[in-house]
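Asks: Here you go, one structure.
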Amino acid sequence: KPLVLGGSHGRETATARGVTIMIEEALAASGIPLKGARIAVQGFGNAGSFLAKFMHEAGAKVVAISDVHGALYDPEGLDIPHLLDKRDSFGAVTNLFKNTLTNGELLELDCDVLVPAAIENQITADNASRIKARTIVEAANGPTTLEATHMLHDRGVLLVPDVLASAGGVIVSYFEWVQNNQGYYWSEREVEGKLHAMMVRGFQDVYELHRTRRVDMRLAAYMAGVRRTAEAVRYRGWV
């Protein structure tokens, strides 16, 4: 909601901020520097456009973006500020260019990080074997099927699942609720600092389970959530 009605600073960009943090953590875990990393983003809506902006500002190469009309690709990195400026009232920009790719072709590009930030069921058993990215960070809800998740995990692809990667928006909505309850509102820097701390802690917990239990990150995320709930139930004496 608007700030004047009790909204929180940082809510509009929260999902993209959270995905940005997950990309940073995932690349660090793989020993890859963010600066110069090749990022492909399927989707150029709220999450995808802000994410592309943040990645560009951090020195990464955003090599591909897409909208409903198609995808743009440049192995040397796209001019993200220019593309953001040229979007129409519906958020589309690729229709201004010739020689575009399809959204399906974007998914199979050679890149360091692939971010599905559009719609569900984009990576399936049909195309999982052709995915070249070594890291996938899900900004959309359910962009990768369970079968594809298993296939990618077996190939050694690090997939940060939507339940973790896109949690930034939910977290800052929680921050908004906290601020409303206490009647005290935080600056944007405070919100982003608290979001960063919570997202990093979440990644580390899930990644540790992924590493020690040898399961994919999606299952590790659910294991972490169920374990936390089970511990709370036990401490309350319900079991």
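Labeling convention for the structure tokens: chains A, B, ... as they appear, residues from 1 per chain, ligands from 1 in order of appearance.
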Please identify all polymer residues within 6 Å of region 218-221 of chain A, counting only C-alpha atoms, omitting same-chain residues fewer than 6 positions from it, and present them as a list in words.
Replies: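 Near region 218-221 of chain A, the qualifying residues are Pro161, Val206, Leu209 and His210 of chain A.
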Asks: Can you tell me which residues surround Lys1 (chain A) at a distance of at most 12 Å, considering only C-alpha atoms, apart from same-chain residues fewer than 3 positions away, and format the answer as a PyMOL selection string?
Replies: chain A and resi 4-12+172-173+176-177+180
Asks: Please dump the current selection as a PDB file, in the first residue's frame; keep C-alpha atoms.
Replies:
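Writing done, so here's result-v8.pdb:
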```
ATOM      1  CA  VAL A   4       1.021   7.560   3.393  1.00  0.00           C
ATOM      2  CA  LEU A   5      -1.322   4.663   4.289  1.00  0.00           C
ATOM      3  CA  GLY A   6       1.286   2.671   6.187  1.00  0.00           C
ATOM      4  CA  GLY A   7       3.187   1.046   3.354  1.00  0.00           C
ATOM      5  CA  SER A   8       6.850   0.137   3.685  1.00  0.00           C
ATOM      6  CA  HIS A   9       9.837   1.602   1.931  1.00  0.00           C
ATOM      7  CA  GLY A  10      11.432  -0.913  -0.423  1.00  0.00           C
ATOM      8  CA  ARG A  11       8.299  -2.964  -1.101  1.00  0.00           C
ATOM      9  CA  GLU A  12       8.161  -2.274  -4.847  1.00  0.00           C
ATOM     10  CA  VAL A 172       9.061  -6.967   3.136  1.00  0.00           C
ATOM     11  CA  SER A 173       5.279  -7.380   3.382  1.00  0.00           C
ATOM     12  CA  GLU A 176       5.278  -3.689   6.650  1.00  0.00           C
ATOM     13  CA  TRP A 177       3.028  -5.556   9.102  1.00  0.00           C
ATOM     14  CA  ASN A 180       2.219  -1.019  11.238  1.00  0.00           C
TER      15      ASN A 180
END
```
Asks: Find the residues of region 10-78 of chain A that sit at most 6 Å from region 99-110 of chain A; for each, write down the nearest two atoms and how far apart they are in Å, to one decimal. Count only C-alpha atoms. Sort by chain, then by number going up, and give it as a tab-separated table.
Replies:
```
residue	atom	partner	partner_atom	distance
A:Gly70	CA	A:Thr102	CA	4.8
A:Ala71	CA	A:Leu101	CA	4.8
A:Leu72	CA	A:Thr100	CA	5.5
```
Asks: Can you spit out the residues from that selection as an mmCIF file, in the first residue's frame, using N, CA, C and O atoms?
Replies:
```
data_model
loop_
_atom_site.group_PDB
_atom_site.id
_atom_site.type_symbol
_atom_site.label_atom_id
_atom_site.label_comp_id
_atom_site.auth_asym_id
_atom_site.auth_seq_id
_atom_site.Cartn_x
_atom_site.Cartn_y
_atom_site.Cartn_z
ATOM 1 N N GLY A 70 8.911 -11.629 -27.180
ATOM 2 C CA GLY A 70 10.133 -12.316 -27.557
ATOM 3 C C GLY A 70 11.274 -11.959 -26.640
ATOM 4 O O GLY A 70 11.070 -11.398 -25.552
ATOM 5 N N ALA A 71 12.500 -12.260 -27.079
ATOM 6 C CA ALA A 71 13.678 -12.056 -26.231
ATOM 7 C C ALA A 71 14.778 -11.331 -26.996
ATOM 8 O O ALA A 71 14.919 -11.479 -28.220
ATOM 9 N N LEU A 72 15.566 -10.553 -26.266
ATOM 10 C CA LEU A 72 16.736 -9.870 -26.814
ATOM 11 C C LEU A 72 17.980 -10.527 -26.251
ATOM 12 O O LEU A 72 18.021 -10.898 -25.071
#
```
Asks: I'd like the interatomic distance between CA of His69 (chain A) and CA of Asp85 (chain A), to a tenth of an Å.
Replies: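 The value is 17.3 Å.
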Asks: Show which residues sit within 7 Å of Lys35 (chain A), as a ChimeraX atom specification. Count only C-alpha atoms, and ignore same-chain residues fewer than 4 positions away.
Replies: /A:58-60
Asks: Keeping C-alpha atoms for every residue in the selection just given, could you write it to a file as an mmCIF file, in the first residue's frame?
Replies:
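selection.cif written:
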```
data_model
loop_
_atom_site.group_PDB
_atom_site.id
_atom_site.type_symbol
_atom_site.label_atom_id
_atom_site.label_comp_id
_atom_site.auth_asym_id
_atom_site.auth_seq_id
_atom_site.Cartn_x
_atom_site.Cartn_y
_atom_site.Cartn_z
ATOM 1 C CA ALA A 58 26.493 -4.483 -9.938
ATOM 2 C CA GLY A 59 28.693 -4.994 -12.989
ATOM 3 C CA ALA A 60 27.176 -8.242 -14.242
#
```
Asks: Compile the contact shell of Val157 (chain A) as a ChimeraX atom specification: residues with an atom at most 8 Å away, counting only C-alpha atoms, same-chain residues fewer than 2 positions apart removed.
Replies: /A:133-136,152-155,159
Asks: Emit the selected residues as a PDB file, in the first residue's frame, including N, CA and C atoms.
Replies:
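Generated file (result-v8.pdb):
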```pdb
ATOM      1  N   ALA A 133      22.905 -23.040 -18.463  1.00  0.00           N
ATOM      2  CA  ALA A 133      23.274 -22.298 -17.250  1.00  0.00           C
ATOM      3  C   ALA A 133      23.663 -23.268 -16.144  1.00  0.00           C
ATOM      4  N   ARG A 134      24.676 -22.913 -15.367  1.00  0.00           N
ATOM      5  CA  ARG A 134      25.098 -23.744 -14.246  1.00  0.00           C
ATOM      6  C   ARG A 134      24.378 -23.360 -12.955  1.00  0.00           C
ATOM      7  N   THR A 135      23.712 -22.191 -12.974  1.00  0.00           N
ATOM      8  CA  THR A 135      22.940 -21.738 -11.820  1.00  0.00           C
ATOM      9  C   THR A 135      21.603 -21.203 -12.308  1.00  0.00           C
ATOM     10  N   ILE A 136      20.531 -21.607 -11.659  1.00  0.00           N
ATOM     11  CA  ILE A 136      19.188 -21.113 -11.962  1.00  0.00           C
ATOM     12  C   ILE A 136      18.599 -20.549 -10.678  1.00  0.00           C
ATOM     13  N   LEU A 152      18.019 -31.475 -13.538  1.00  0.00           N
ATOM     14  CA  LEU A 152      19.047 -30.442 -13.402  1.00  0.00           C
ATOM     15  C   LEU A 152      19.976 -30.737 -12.226  1.00  0.00           C
ATOM     16  N   HIS A 153      19.395 -31.204 -11.120  1.00  0.00           N
ATOM     17  CA  HIS A 153      20.206 -31.553  -9.947  1.00  0.00           C
ATOM     18  C   HIS A 153      21.186 -32.673 -10.284  1.00  0.00           C
ATOM     19  N   ASP A 154      20.725 -33.662 -11.035  1.00  0.00           N
ATOM     20  CA  ASP A 154      21.588 -34.777 -11.422  1.00  0.00           C
ATOM     21  C   ASP A 154      22.745 -34.314 -12.308  1.00  0.00           C
ATOM     22  N   ARG A 155      22.537 -33.221 -13.024  1.00  0.00           N
ATOM     23  CA  ARG A 155      23.595 -32.662 -13.874  1.00  0.00           C
ATOM     24  C   ARG A 155      24.508 -31.689 -13.127  1.00  0.00           C
ATOM     25  N   LEU A 159      20.068 -24.993  -8.461  1.00  0.00           N
ATOM     26  CA  LEU A 159      18.780 -24.335  -8.675  1.00  0.00           C
ATOM     27  C   LEU A 159      18.270 -23.799  -7.345  1.00  0.00           C
TER      28      LEU A 159
END
```
Asks: Nearest to Gly31 (chain A): which of A:Ala140, A:Ala117, A:Asp112, A:Ala167 is it, counting only C-alpha atoms?
Replies: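 For Gly31 (chain A), the nearest of the given residues is A:Asp112.
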Asks: CA of Val63 (chain A) to CA of Ala16 (chain A): how many Å, to one decimal?
Replies: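 Distance between the two atoms: 17.3 Å.
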Asks: From a backbone DSSP assignment, name each residue in chain A labelled strand (DSSP E), as a list in words.
Replies: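 Of chain A, the ones in strand (DSSP E) are Arg38, Ile39, Ala40, Val41, Gln42, Lys61, Val62, Val63, Ala64, Ile65, Ser66, Asp67, Gly70, Ala71, Leu72, Tyr73, Val113, Leu114, Val115, Pro116, Thr135, Ile136, Val137, Leu158, Leu159 and Val160 of chain A.
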Asks: Can you pull out the residues contacting region 44-52 of chain A? Cut-off 10 Å, using only C-alpha atoms, and skip same-chain residues under 4 positions away; I want them as number ranges by chain.
Replies: A: 12-20, 39-40, 56-58, 60-68, 71, 78, 80-81, 83-84, 87, 90-94, 115-118, 139-140, 166, 169
Asks: Keeping C-alpha atoms for every residue in the selection just given, could you write it to a file as a short mmCIF file (atom, residue, chain, number, x, y, z; two decimals), in the first residue's frame?
Replies:
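Dumped to selection26.cif:
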```
data_model
loop_
_atom_site.label_atom_id
_atom_site.label_comp_id
_atom_site.auth_asym_id
_atom_site.auth_seq_id
_atom_site.Cartn_x
_atom_site.Cartn_y
_atom_site.Cartn_z
CA GLU A 12 8.16 -2.27 -4.85
CA THR A 13 11.67 -3.61 -5.45
CA ALA A 14 11.66 -6.25 -2.69
CA THR A 15 11.23 -9.34 -4.86
CA ALA A 16 14.03 -8.27 -7.21
CA ARG A 17 16.25 -7.32 -4.25
CA GLY A 18 15.76 -10.77 -2.79
CA VAL A 19 16.57 -12.48 -6.09
CA THR A 20 19.67 -10.29 -6.41
CA ILE A 39 22.81 -13.23 -16.55
CA ALA A 40 19.78 -14.19 -18.66
CA HIS A 56 23.64 -4.16 -14.52
CA GLU A 57 24.52 -1.74 -11.71
CA ALA A 58 26.49 -4.48 -9.94
CA ALA A 60 27.18 -8.24 -14.24
CA LYS A 61 26.44 -8.71 -17.94
CA VAL A 62 22.72 -9.01 -18.53
CA VAL A 63 23.01 -10.88 -21.82
CA ALA A 64 19.28 -11.52 -22.36
CA ILE A 65 15.84 -10.30 -21.33
CA SER A 66 12.39 -11.11 -22.64
CA ASP A 67 8.77 -10.05 -22.58
CA VAL A 68 5.60 -11.50 -24.08
CA ALA A 71 13.68 -12.06 -26.23
CA LEU A 78 22.48 -5.45 -23.14
CA ILE A 80 19.60 -2.16 -19.65
CA PRO A 81 19.03 1.57 -18.87
CA LEU A 83 15.73 -0.81 -22.59
CA LEU A 84 14.04 0.34 -19.38
CA ARG A 87 9.40 0.20 -22.51
CA PHE A 90 2.48 -2.34 -20.95
CA GLY A 91 6.15 -2.85 -20.06
CA ALA A 92 7.05 -4.33 -23.47
CA VAL A 93 10.24 -3.45 -25.34
CA THR A 94 11.30 -6.36 -27.54
CA VAL A 115 16.50 -16.33 -13.97
CA PRO A 116 12.98 -17.47 -14.94
CA ALA A 117 10.98 -14.39 -13.93
CA ALA A 118 7.87 -14.81 -16.05
CA ALA A 139 12.01 -15.36 -9.56
CA ALA A 140 8.66 -16.60 -10.93
CA SER A 166 11.39 -14.93 -4.59
CA GLY A 169 8.38 -9.56 -1.51
#
```
Asks: Counting only C-alpha atoms, figure out which residue out of A:Gly77, A:Gly142, A:Gly225, A:Pro2 gets nearest to Gly202 (chain A).
Replies: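 The answer is A:Gly225, which sits nearest to Gly202 (chain A).
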Asks: Hey, which of A:Asn141, A:Thr212, A:Gly168, A:Met223 ends up closest to Gly193 (chain A)? Count only C-alpha atoms.
Replies: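 Under the stated criterion, the closest residue is A:Gly168.
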Asks: Step one, run DSSP on the backbone; step two, keep only residues of region 38-170 of chain A assigned to helix (DSSP H, G or I); then write them as a ChimeraX atom specification.
Replies: /A:46-57,80-86,94-96,103-107,128-130,146-154,162-165,168-170
Asks: Between CA of Gly36 (chain A) and CA of Val113 (chain A), measure the distance and give it in Å to one decimal.
Replies: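 Here the two named atoms are 11.4 Å from each other.
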